[in-house]
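Just data.txt here, compact mmCIF, C-alpha atoms:
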```txt
# COMPACT_ATOMS: atom_id res chain seq x y z
CA MET A 1 35.21 -23.38 -2.92
CA SER A 2 34.27 -21.03 -0.10
CA THR A 3 34.99 -18.06 -2.39
CA LEU A 4 32.41 -19.41 -4.84
CA PHE A 5 29.90 -19.84 -2.02
CA PHE A 6 30.45 -16.27 -0.84
CA ILE A 7 30.07 -14.93 -4.38
CA PHE A 8 26.80 -16.84 -4.72
CA ILE A 9 25.31 -15.73 -1.38
CA GLY A 10 26.58 -12.21 -1.94
CA ALA A 11 24.76 -11.94 -5.26
CA LEU A 12 21.66 -13.79 -4.06
CA LEU A 13 20.98 -12.13 -0.71
CA VAL A 14 23.46 -9.53 0.53
CA ASN A 15 23.64 -7.44 -2.65
CA ASN A 16 20.27 -8.55 -3.99
CA PHE A 17 19.95 -7.12 -7.47
CA VAL A 18 16.51 -5.66 -7.01
CA LEU A 19 16.34 -4.66 -3.38
CA VAL A 20 19.89 -3.47 -2.74
CA ARG A 21 21.40 -2.64 -6.12
CA PHE A 22 18.21 -1.28 -7.73
CA LEU A 23 18.61 -3.15 -11.00
CA GLY A 24 15.60 -4.55 -12.82
CA ILE A 25 13.01 -2.44 -11.03
CA CYS A 26 10.73 -2.16 -14.09
CA PRO A 27 9.93 -5.90 -14.36
CA PHE A 28 9.95 -6.08 -10.56
CA LEU A 29 7.02 -3.64 -10.46
CA GLY A 30 5.47 -4.57 -13.79
CA VAL A 31 5.46 -8.37 -13.79
CA SER A 32 4.85 -9.02 -10.10
CA LYS A 33 1.07 -9.17 -10.02
CA GLN A 34 0.80 -12.96 -10.38
CA LEU A 35 2.96 -15.66 -8.87
CA GLU A 36 3.05 -17.77 -12.02
CA THR A 37 4.26 -15.02 -14.38
CA ALA A 38 6.76 -13.90 -11.74
CA VAL A 39 8.38 -17.33 -11.74
CA GLY A 40 8.48 -17.36 -15.57
CA MET A 41 10.04 -13.92 -15.74
CA GLY A 42 12.57 -14.80 -13.04
CA MET A 43 13.68 -17.92 -14.87
CA ALA A 44 13.94 -16.08 -18.21
CA VAL A 45 16.06 -13.35 -16.59
CA THR A 46 18.34 -15.86 -14.84
CA PHE A 47 18.86 -17.69 -18.12
CA VAL A 48 19.65 -14.62 -20.21
CA MET A 49 21.71 -13.09 -17.41
CA THR A 50 24.02 -16.09 -17.21
CA LEU A 51 24.41 -16.26 -20.97
CA ALA A 52 25.01 -12.52 -21.30
CA GLY A 53 27.37 -12.52 -18.32
CA VAL A 54 29.59 -15.20 -19.85
CA VAL A 55 29.57 -13.67 -23.34
CA THR A 56 30.35 -10.14 -22.12
CA TRP A 57 33.02 -11.51 -19.77
CA ALA A 58 34.75 -13.11 -22.74
CA LEU A 59 34.37 -9.96 -24.86
CA GLN A 60 35.77 -7.78 -22.08
CA HIS A 61 38.82 -9.98 -21.64
CA TYR A 62 39.61 -11.08 -25.16
CA VAL A 63 38.41 -8.12 -27.23
CA LEU A 64 38.06 -4.86 -25.28
CA ASN A 65 41.05 -5.26 -22.97
CA ALA A 66 43.20 -7.04 -25.53
CA PHE A 67 42.83 -4.32 -28.16
CA GLY A 68 42.48 -1.30 -25.83
CA LEU A 69 38.91 -0.57 -26.93
CA ALA A 70 37.42 0.01 -23.48
CA PHE A 71 35.56 3.13 -24.65
CA LEU A 72 33.38 0.94 -26.89
CA GLN A 73 32.12 -1.02 -23.87
CA THR A 74 28.63 0.49 -23.63
CA VAL A 75 27.89 0.32 -27.36
CA LEU A 76 29.26 -3.19 -27.74
CA PHE A 77 27.53 -4.66 -24.67
CA ILE A 78 24.08 -3.35 -25.53
CA LEU A 79 24.33 -4.61 -29.11
CA VAL A 80 25.58 -8.01 -28.02
CA ILE A 81 22.82 -8.33 -25.44
CA ALA A 82 20.13 -7.34 -27.94
CA ALA A 83 21.45 -9.79 -30.51
CA LEU A 84 21.79 -12.51 -27.89
CA VAL A 85 18.19 -12.16 -26.76
CA GLN A 86 16.98 -12.37 -30.36
CA PHE A 87 19.12 -15.43 -30.92
CA VAL A 88 17.91 -17.14 -27.74
CA GLU A 89 14.33 -16.47 -28.77
CA LEU A 90 14.84 -18.04 -32.23
CA PHE A 91 16.76 -20.96 -30.79
CA LEU A 92 14.15 -21.78 -28.15
CA LYS A 93 11.31 -21.44 -30.64
CA LYS A 94 12.95 -24.00 -32.96
CA MET A 95 14.60 -26.39 -30.52
CA VAL A 96 12.81 -26.25 -27.15
CA PRO A 97 9.22 -25.17 -27.82
CA VAL A 98 8.12 -26.07 -24.29
CA LEU A 99 10.58 -23.64 -22.77
CA TYR A 100 9.72 -21.09 -25.45
CA ARG A 101 6.05 -21.17 -24.52
CA ALA A 102 6.96 -20.65 -20.86
CA LEU A 103 9.51 -17.85 -21.35
CA GLY A 104 8.66 -16.53 -24.82
CA ILE A 105 6.65 -13.45 -23.99
CA PHE A 106 9.22 -12.24 -21.48
CA LEU A 107 12.24 -12.46 -23.76
CA PRO A 108 11.77 -9.26 -25.82
CA LEU A 109 11.24 -7.31 -22.59
CA ILE A 110 14.57 -8.48 -21.25
CA THR A 111 16.69 -6.55 -23.76
CA THR A 112 15.90 -3.27 -22.05
CA ASN A 113 16.13 -4.79 -18.57
CA CYS A 114 18.90 -2.90 -16.85
CA ALA A 115 19.74 -5.96 -14.73
CA ILE A 116 21.27 -7.62 -17.80
CA LEU A 117 23.46 -4.70 -18.88
CA GLY A 118 24.08 -4.06 -15.18
CA ILE A 119 25.51 -7.50 -14.58
CA ALA A 120 27.70 -7.20 -17.69
CA LEU A 121 29.12 -3.92 -16.36
CA LEU A 122 29.57 -5.27 -12.83
CA ILE A 123 31.44 -8.30 -14.14
CA ALA A 124 33.68 -6.02 -16.21
CA GLN A 125 34.65 -4.18 -13.00
CA ARG A 126 35.48 -7.38 -11.14
CA GLU A 127 38.38 -9.74 -11.47
CA HIS A 128 36.36 -12.95 -11.68
CA ASP A 129 37.42 -15.98 -13.67
CA LEU A 130 34.92 -17.85 -15.83
CA ILE A 131 33.52 -20.14 -13.12
CA GLN A 132 33.16 -17.31 -10.64
CA THR A 133 31.36 -15.29 -13.32
CA VAL A 134 28.86 -18.10 -13.91
CA VAL A 135 28.24 -18.48 -10.16
CA PHE A 136 27.81 -14.72 -9.78
CA CYS A 137 25.29 -14.58 -12.66
CA VAL A 138 23.24 -17.52 -11.42
CA GLY A 139 23.19 -16.10 -7.90
CA ALA A 140 22.11 -12.68 -9.13
CA GLY A 141 19.42 -14.19 -11.36
CA LEU A 142 18.01 -16.34 -8.57
CA GLY A 143 18.12 -13.33 -6.25
CA PHE A 144 16.05 -11.41 -8.79
CA THR A 145 13.62 -14.35 -9.01
CA LEU A 146 13.40 -14.54 -5.22
CA ALA A 147 12.54 -10.85 -4.87
CA LEU A 148 10.03 -11.06 -7.73
CA VAL A 149 8.30 -14.15 -6.32
CA ILE A 150 8.05 -12.75 -2.78
CA MET A 151 6.64 -9.52 -4.20
CA ALA A 152 4.09 -11.40 -6.34
CA GLY A 153 2.99 -13.43 -3.32
CA ILE A 154 2.42 -10.26 -1.29
CA ARG A 155 0.65 -8.49 -4.14
CA GLU A 156 -1.75 -11.39 -4.69
CA GLU A 157 -2.81 -11.05 -1.07
CA MET A 158 -2.94 -7.27 -1.30
CA GLN A 159 -5.70 -7.34 -3.90
CA PHE A 160 -8.17 -7.89 -1.09
CA ALA A 161 -6.75 -5.26 1.25
CA PRO A 162 -8.38 -1.84 1.65
CA ILE A 163 -5.64 0.44 0.31
CA PRO A 164 -6.09 4.25 0.21
CA LYS A 165 -6.90 5.37 -3.32
CA SER A 166 -3.77 7.47 -3.85
CA LEU A 167 -1.49 4.66 -2.72
CA GLN A 168 -2.98 2.04 -5.03
CA GLY A 169 -0.73 0.61 -7.73
CA ALA A 170 2.86 1.82 -7.73
CA GLY A 171 2.69 3.62 -4.37
CA ILE A 172 1.91 0.62 -2.20
CA ALA A 173 4.16 -1.63 -4.32
CA LEU A 174 7.13 0.66 -3.67
CA ILE A 175 6.46 0.84 0.05
CA THR A 176 6.17 -2.96 0.17
CA ALA A 177 9.49 -3.17 -1.68
CA GLY A 178 10.97 -0.81 0.91
CA LEU A 179 9.88 -3.08 3.76
CA MET A 180 11.31 -6.09 1.92
CA SER A 181 14.52 -4.16 1.45
CA ILE A 182 14.71 -3.56 5.22
CA ALA A 183 14.35 -7.30 5.74
CA PHE A 184 17.09 -8.00 3.20
CA SER A 185 19.44 -5.51 4.83
CA GLY A 186 19.49 -8.01 7.70
CA PHE A 187 21.66 -10.19 5.45
CA ALA A 188 24.44 -7.59 5.38
CA GLY A 189 27.51 -8.99 7.08
CA LEU A 190 26.65 -12.56 6.09
CA VAL A 191 29.59 -12.52 3.70
CA PRO A 192 33.05 -11.28 4.70
CA MET A 193 33.89 -8.29 2.50
CA MET B 1 5.23 28.06 -30.55
CA VAL B 2 2.17 26.90 -28.62
CA ASN B 3 2.92 23.40 -29.84
CA LEU B 4 6.49 23.56 -28.56
CA VAL B 5 5.36 24.65 -25.11
CA LYS B 6 2.77 21.87 -25.08
CA ASP B 7 5.35 19.27 -26.11
CA PHE B 8 7.67 20.52 -23.40
CA TRP B 9 5.06 20.59 -20.64
CA ASN B 10 3.79 17.11 -21.50
CA GLY B 11 7.04 15.58 -20.27
CA VAL B 12 7.48 17.86 -17.28
CA TRP B 13 4.12 17.13 -15.69
CA ASP B 14 1.37 15.40 -17.70
CA GLU B 15 3.45 12.32 -18.48
CA ASN B 16 6.26 12.74 -15.97
CA THR B 17 8.29 9.56 -16.30
CA ILE B 18 8.70 8.91 -12.61
CA PHE B 19 5.60 10.38 -11.01
CA LYS B 20 3.04 9.32 -13.60
CA LEU B 21 4.42 6.62 -15.88
CA GLN B 22 6.75 4.91 -13.40
CA ILE B 23 9.43 4.13 -15.96
CA GLY B 24 13.16 4.70 -15.58
CA MET B 25 12.96 3.75 -11.92
CA CYS B 26 16.32 2.04 -11.44
CA PRO B 27 18.54 5.14 -11.68
CA THR B 28 15.93 7.12 -9.76
CA LEU B 29 16.07 4.84 -6.77
CA ALA B 30 19.79 4.21 -6.92
CA VAL B 31 21.29 7.68 -7.28
CA SER B 32 18.81 9.79 -5.32
CA THR B 33 20.82 9.51 -2.10
CA SER B 34 21.46 13.25 -2.21
CA ALA B 35 20.13 16.26 -4.10
CA GLN B 36 23.45 16.76 -5.83
CA ASN B 37 23.63 13.20 -7.16
CA GLY B 38 20.05 13.50 -8.36
CA LEU B 39 20.88 16.72 -10.20
CA ALA B 40 23.99 15.22 -11.82
CA MET B 41 22.10 12.13 -13.00
CA GLY B 42 19.20 14.31 -14.19
CA LEU B 43 21.53 16.52 -16.24
CA ALA B 44 23.35 13.54 -17.75
CA THR B 45 20.07 11.88 -18.73
CA THR B 46 18.63 15.12 -20.13
CA PHE B 47 21.72 15.63 -22.29
CA VAL B 48 21.49 12.11 -23.73
CA LEU B 49 17.73 12.41 -24.20
CA VAL B 50 17.85 15.74 -26.08
CA CYS B 51 20.83 14.80 -28.26
CA SER B 52 19.54 11.38 -29.21
CA SER B 53 15.98 12.61 -29.85
CA ALA B 54 17.29 15.40 -32.10
CA LEU B 55 19.55 13.03 -34.01
CA VAL B 56 16.86 10.35 -34.35
CA SER B 57 14.53 13.00 -35.70
CA LEU B 58 17.17 14.22 -38.18
CA VAL B 59 17.78 10.76 -39.62
CA ARG B 60 14.19 9.54 -39.39
CA LYS B 61 13.67 9.59 -43.18
CA LEU B 62 16.96 7.80 -43.90
CA VAL B 63 16.52 4.86 -41.53
CA PRO B 64 14.55 1.88 -42.89
CA ASN B 65 11.68 0.96 -40.64
CA GLU B 66 12.89 -2.61 -40.02
CA VAL B 67 16.21 -1.63 -38.43
CA ARG B 68 15.10 1.50 -36.62
CA ILE B 69 15.38 0.09 -33.07
CA PRO B 70 19.04 -1.04 -33.38
CA VAL B 71 19.88 2.32 -34.99
CA TYR B 72 18.22 4.19 -32.13
CA VAL B 73 20.07 2.07 -29.58
CA VAL B 74 23.44 2.77 -31.19
CA ILE B 75 22.70 6.51 -31.28
CA ILE B 76 21.74 6.48 -27.60
CA ALA B 77 24.75 4.37 -26.61
CA THR B 78 27.06 6.77 -28.43
CA PHE B 79 25.82 9.79 -26.50
CA VAL B 80 25.97 7.83 -23.24
CA THR B 81 29.62 7.06 -23.95
CA VAL B 82 30.21 10.79 -24.52
CA VAL B 83 28.67 11.61 -21.12
CA ASP B 84 30.53 8.77 -19.43
CA LEU B 85 33.94 9.89 -20.71
CA PHE B 86 33.19 13.57 -20.06
CA LEU B 87 32.19 12.97 -16.43
CA LYS B 88 35.18 10.70 -15.89
CA ALA B 89 37.53 13.45 -17.09
CA ALA B 90 35.86 16.54 -15.66
CA PHE B 91 34.05 15.35 -12.51
CA PRO B 92 35.71 12.13 -11.30
CA ASP B 93 34.00 12.34 -7.88
CA ILE B 94 30.51 12.38 -9.39
CA HIS B 95 31.52 9.68 -11.86
CA ALA B 96 32.60 7.46 -8.96
CA VAL B 97 29.33 7.98 -7.06
CA LEU B 98 27.03 7.36 -10.03
CA GLY B 99 29.10 4.32 -11.05
CA ILE B 100 27.47 1.84 -13.41
CA PHE B 101 24.31 3.94 -13.55
CA ILE B 102 25.93 6.22 -16.14
CA PRO B 103 26.38 3.47 -18.77
CA LEU B 104 22.97 2.18 -17.69
CA ILE B 105 21.39 5.37 -19.08
CA VAL B 106 21.37 3.36 -22.35
CA VAL B 107 18.63 1.11 -21.02
CA ASN B 108 16.62 3.91 -19.41
CA CYS B 109 13.34 3.12 -21.17
CA VAL B 110 12.41 6.83 -21.28
CA ILE B 111 15.00 7.57 -23.95
CA LEU B 112 14.08 4.75 -26.31
CA ALA B 113 10.39 5.42 -25.66
CA ARG B 114 10.70 9.08 -26.75
CA ALA B 115 12.78 8.11 -29.80
CA GLU B 116 10.20 5.52 -30.82
CA ALA B 117 7.00 7.35 -29.88
CA PHE B 118 7.91 10.92 -30.79
CA ALA B 119 11.28 11.71 -32.37
CA GLY B 120 10.93 9.03 -35.05
CA LYS B 121 7.87 10.82 -36.45
CA MET B 122 8.25 14.53 -35.64
CA PRO B 123 10.46 17.40 -36.91
CA VAL B 124 13.67 18.23 -35.07
CA HIS B 125 12.55 21.28 -33.08
CA ARG B 126 9.46 19.54 -31.70
CA SER B 127 11.45 16.41 -30.84
CA ALA B 128 14.02 18.49 -28.98
CA ALA B 129 11.30 20.31 -27.04
CA ASP B 130 9.63 17.02 -26.15
CA ALA B 131 12.93 15.47 -25.06
CA LEU B 132 13.86 18.54 -23.02
CA GLY B 133 10.50 18.35 -21.24
CA PHE B 134 10.93 14.69 -20.39
CA GLY B 135 14.52 15.31 -19.31
CA ILE B 136 13.57 18.20 -17.03
CA GLY B 137 10.65 16.22 -15.63
CA PHE B 138 13.00 13.35 -14.84
CA MET B 139 15.48 15.76 -13.26
CA ILE B 140 12.79 17.38 -11.11
CA ALA B 141 11.76 13.94 -9.85
CA LEU B 142 15.36 13.00 -9.05
CA VAL B 143 16.13 16.27 -7.27
CA THR B 144 12.87 16.10 -5.29
CA LEU B 145 13.58 12.57 -4.17
CA GLY B 146 17.25 13.34 -3.51
CA SER B 147 16.34 16.41 -1.47
CA ILE B 148 13.85 14.54 0.73
CA ARG B 149 16.30 11.72 1.34
CA GLU B 150 19.27 14.01 1.98
CA ILE B 151 17.39 16.36 4.32
CA LEU B 152 15.88 13.55 6.41
CA GLY B 153 18.81 11.17 6.13
CA MET B 154 21.72 13.53 6.68
CA GLY B 155 20.19 16.84 7.75
CA THR B 156 21.77 18.65 4.79
CA TRP B 157 20.64 19.96 1.40
CA PHE B 158 23.20 20.20 -1.42
CA GLY B 159 25.76 19.72 1.34
CA MET B 160 24.51 22.69 3.40
CA ARG B 161 23.23 22.10 6.93
CA VAL B 162 19.46 22.77 7.05
CA MET B 163 18.24 20.83 10.07
CA PRO B 164 18.74 22.18 13.62
CA ALA B 165 21.84 21.05 15.48
CA GLY B 166 20.05 18.52 17.71
CA TYR B 167 18.51 16.66 14.74
CA VAL B 168 19.21 12.95 14.68
CA PRO B 169 19.45 11.86 11.00
CA TRP B 170 17.18 9.01 9.92
CA SER B 171 19.99 7.04 8.36
CA ILE B 172 17.54 4.57 6.78
CA MET B 173 16.57 7.30 4.32
CA VAL B 174 19.95 7.21 2.57
CA LEU B 175 20.03 3.39 2.60
CA PRO B 176 18.23 1.31 -0.08
CA PRO B 177 14.93 0.88 1.87
CA GLY B 178 14.58 4.66 2.17
CA ALA B 179 14.62 4.99 -1.62
CA PHE B 180 11.63 2.67 -2.09
CA ILE B 181 9.61 4.12 0.77
CA THR B 182 10.24 7.77 -0.16
CA LEU B 183 9.34 7.17 -3.81
CA GLY B 184 6.20 5.28 -2.73
CA PHE B 185 4.96 8.24 -0.71
CA VAL B 186 5.97 10.80 -3.35
CA VAL B 187 4.04 8.88 -6.03
CA ALA B 188 1.04 8.72 -3.70
CA ALA B 189 1.25 12.48 -3.07
CA VAL B 190 1.39 13.18 -6.82
CA ASN B 191 -1.63 10.90 -7.35
CA LEU B 192 -3.51 12.80 -4.65
CA ILE B 193 -2.66 16.19 -6.20
CA SER B 194 -3.66 15.16 -9.72
CA ARG B 195 -6.89 13.55 -8.50
CA ARG B 196 -7.76 16.75 -6.59
CA SER B 197 -7.02 18.94 -9.62
CA THR B 198 -9.12 16.80 -12.01
CA ALA B 199 -11.94 16.83 -9.44
CA THR B 200 -11.90 20.63 -9.18
CA SER B 201 -11.63 21.18 -12.94
CA ARG B 202 -14.64 18.90 -13.44
CA SER B 203 -16.78 20.58 -10.79
CA SER B 204 -16.00 24.15 -11.89
```

For the file at hand, write its structure as structure tokens.
Amino acid sequence: MSTLFFIFIGALLVNNFVLVRFLGICPFLGVSKQLETAVGMGMAVTFVMTLAGVVTWALQHYVLNAFGLAFLQTVLFILVIAALVQFVELFLKKMVPVLYRALGIFLPLITTNCAILGIALLIAQREHDLIQTVVFCVGAGLGFTLALVIMAGIREEMQFAPIPKSLQGAGIALITAGLMSIAFSGFAGLVPM
Amino acid sequence: MVNLVKDFWNGVWDENTIFKLQIGMCPTLAVSTSAQNGLAMGLATTFVLVCSSALVSLVRKLVPNEVRIPVYVVIIATFVTVVDLFLKAAFPDIHAVLGIFIPLIVVNCVILARAEAFAGKMPVHRSAADALGFGIGFMIALVTLGSIREILGMGTWFGMRVMPAGYVPWSIMVLPPGAFITLGFVVAAVNLISRRSTATSRSS
């Protein structure tokens, strides 16, 4: 049980996907201007991440390792993720229209989100079982959401701040992210390595 | 010839992926801990970019429009696998440092963006020139960032000592926060330079 807890906290805070591992920076900078869209994007990423994590975990164990096809990893993972996102989009549209309206516009963007392929590759390197994989994915997804929501909150306030012209836009966003990253580095050591 | 130079320069400066467009940021932030890592990542990305753009351009008339994106992705993923296996065999140290960011070249939006916006419509030589420009531009950004972080964070450049003996390294520069803060200031500096140059070209 404590292992699961450490995996969760490790993915959520200590090795935060955005601020420590640098995965998913594009949506982090692109979709963090409003709190509401940030929450939507975060939820969509968490959802797809968990699904993709489980599917690629199974593929790694039962297909790539079993048949000695490890060199196909990159090609296979990206195709599976792209297909999965398409499938999720169709499924939600048909079956859960409420969720589709909330997450719909973010789904196509997620295919090229390096956090999704990143988590698939990280899981492939680790020796997690299925439950640990799920916990790791949910933790990482919520960590992404947390970073995105904090960033959106700060950026909403920043609209009214007098920022030097050259720093406006990406410049100040990156420096803000840097300061957040310093805060998050305070979590290092929370989990025994 | 003029066209080729223009295509090339577009990626190096006018639409530099990192400085101007701010895409492909994840590898930039993650592997720019030293100038050497930046150079290695830049070379790997440039190779994938040029090869996949050239191949996309070669097959552009054979690929039906509806399935072009999956085809592009498979082409890119193939070249990434080539780079991944080559680095693993020839430079295991660099492969270990760059880690999952080598397979992640697949989802570097720059590569798909050039395939979709340029190589899918243009002849091979122009696509290659365009891809080379974007690759070099990306590499310049990575090496610049890596150099700043390595010099301030470790007092060395490409492993050589450049700071005086009494220099205390700012270790935060090689940690994750340093990546964000350095890139923030570099982007601001580039904005300042391009605003100055447009101002002078307008007034003259």

For a cutoff of 9 Å around the file-coordinate point (19.4, 9.5, -4.6), which residues qualify once you count all atoms listed in the file? I'd like the result as a compact mmCIF listing (two decimals) with C-alpha atoms, in the coordinates of the input.
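result-v6.txt, freshly written:
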```
# COMPACT_ATOMS: atom_id res chain seq x y z
CA PRO B 27 18.54 5.14 -11.68
CA THR B 28 15.93 7.12 -9.76
CA LEU B 29 16.07 4.84 -6.77
CA ALA B 30 19.79 4.21 -6.92
CA VAL B 31 21.29 7.68 -7.28
CA SER B 32 18.81 9.79 -5.32
CA THR B 33 20.82 9.51 -2.10
CA SER B 34 21.46 13.25 -2.21
CA ALA B 35 20.13 16.26 -4.10
CA GLN B 36 23.45 16.76 -5.83
CA ASN B 37 23.63 13.20 -7.16
CA GLY B 38 20.05 13.50 -8.36
CA LEU B 142 15.36 13.00 -9.05
CA VAL B 143 16.13 16.27 -7.27
CA LEU B 145 13.58 12.57 -4.17
CA GLY B 146 17.25 13.34 -3.51
CA SER B 147 16.34 16.41 -1.47
CA ARG B 149 16.30 11.72 1.34
CA GLU B 150 19.27 14.01 1.98
CA VAL B 174 19.95 7.21 2.57
CA ALA B 179 14.62 4.99 -1.62
```

Worksheet item: Which polymer residues, protein or nucleic acid, are no farther than 9 Å from (22.2, -7.1, -4.0), counting only C-alpha atoms, as number ranges by chain?
Response: A: 10-23, 140, 143-144, 184

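Considering all atoms listed in the file, the residue among B:Arg161, B:Lys121, B:Lys61, B:Arg196 positioned nearest to chain A is B:Arg196.
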
Discussion item. At a cut-off of 6 Å, which residues of chain A touch chain B? Count all atoms listed in the file and give the answer as a VMD selection string.
Written reply: chain A and resid 20 22 to 23 25 75 112 114 166 to 167 171 174 to 175 178 181 to 182

Could you turn the residues from that selection into a file that holds C-alpha atoms, as a PDB file, keeping the file's coordinate frame?
```
ATOM      1  CA  VAL A  20      19.890  -3.470  -2.740  1.00  0.00           C
ATOM      2  CA  PHE A  22      18.210  -1.280  -7.730  1.00  0.00           C
ATOM      3  CA  LEU A  23      18.610  -3.150 -11.000  1.00  0.00           C
ATOM      4  CA  ILE A  25      13.010  -2.440 -11.030  1.00  0.00           C
ATOM      5  CA  VAL A  75      27.890   0.320 -27.360  1.00  0.00           C
ATOM      6  CA  THR A 112      15.900  -3.270 -22.050  1.00  0.00           C
ATOM      7  CA  CYS A 114      18.900  -2.900 -16.850  1.00  0.00           C
ATOM      8  CA  SER A 166      -3.770   7.470  -3.850  1.00  0.00           C
ATOM      9  CA  LEU A 167      -1.490   4.660  -2.720  1.00  0.00           C
ATOM     10  CA  GLY A 171       2.690   3.620  -4.370  1.00  0.00           C
ATOM     11  CA  LEU A 174       7.130   0.660  -3.670  1.00  0.00           C
ATOM     12  CA  ILE A 175       6.460   0.840   0.050  1.00  0.00           C
ATOM     13  CA  GLY A 178      10.970  -0.810   0.910  1.00  0.00           C
ATOM     14  CA  SER A 181      14.520  -4.160   1.450  1.00  0.00           C
ATOM     15  CA  ILE A 182      14.710  -3.560   5.220  1.00  0.00           C
TER      16      ILE A 182
END
```

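When atom CA of Val110 of chain B is paired with atom CA of Leu49 of chain B, their separation reads 8.2 Å.
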
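Between atom CA of Gly42 of chain B and atom CA of Leu58 of chain B there is a distance of 24.1 Å.
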
Worksheet entry | Pairwise distance for atom CA of Leu152 of chain B and atom CA of Pro92 of chain B, rounded to one decimal in Å | 26.6 Å

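Each of A:Leu190, A:Ile154, A:Val63, A:Val39 was compared to Phe106 of chain A using all atoms listed in the file, and A:Val39 turns out to be the nearest.
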
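Nearest-residue note for Val12 of chain B: choosing from B:Phe158, B:Phe118, B:Phe138, B:Tyr167, the minimum distance belongs to B:Phe138, counting only C-alpha atoms.
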
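Proximity ranking of A:Ile7, A:Phe28, A:Asp129, A:Leu109 relative to Thr176 of chain A places A:Phe28 first, based on all atoms listed in the file.
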
Worksheet item: Between B:Thr156, B:Thr45, B:Ile94, B:Phe8, which has the minimum distance to Ile111 of chain B (counting all atoms listed in the file)?
Response: B:Thr45
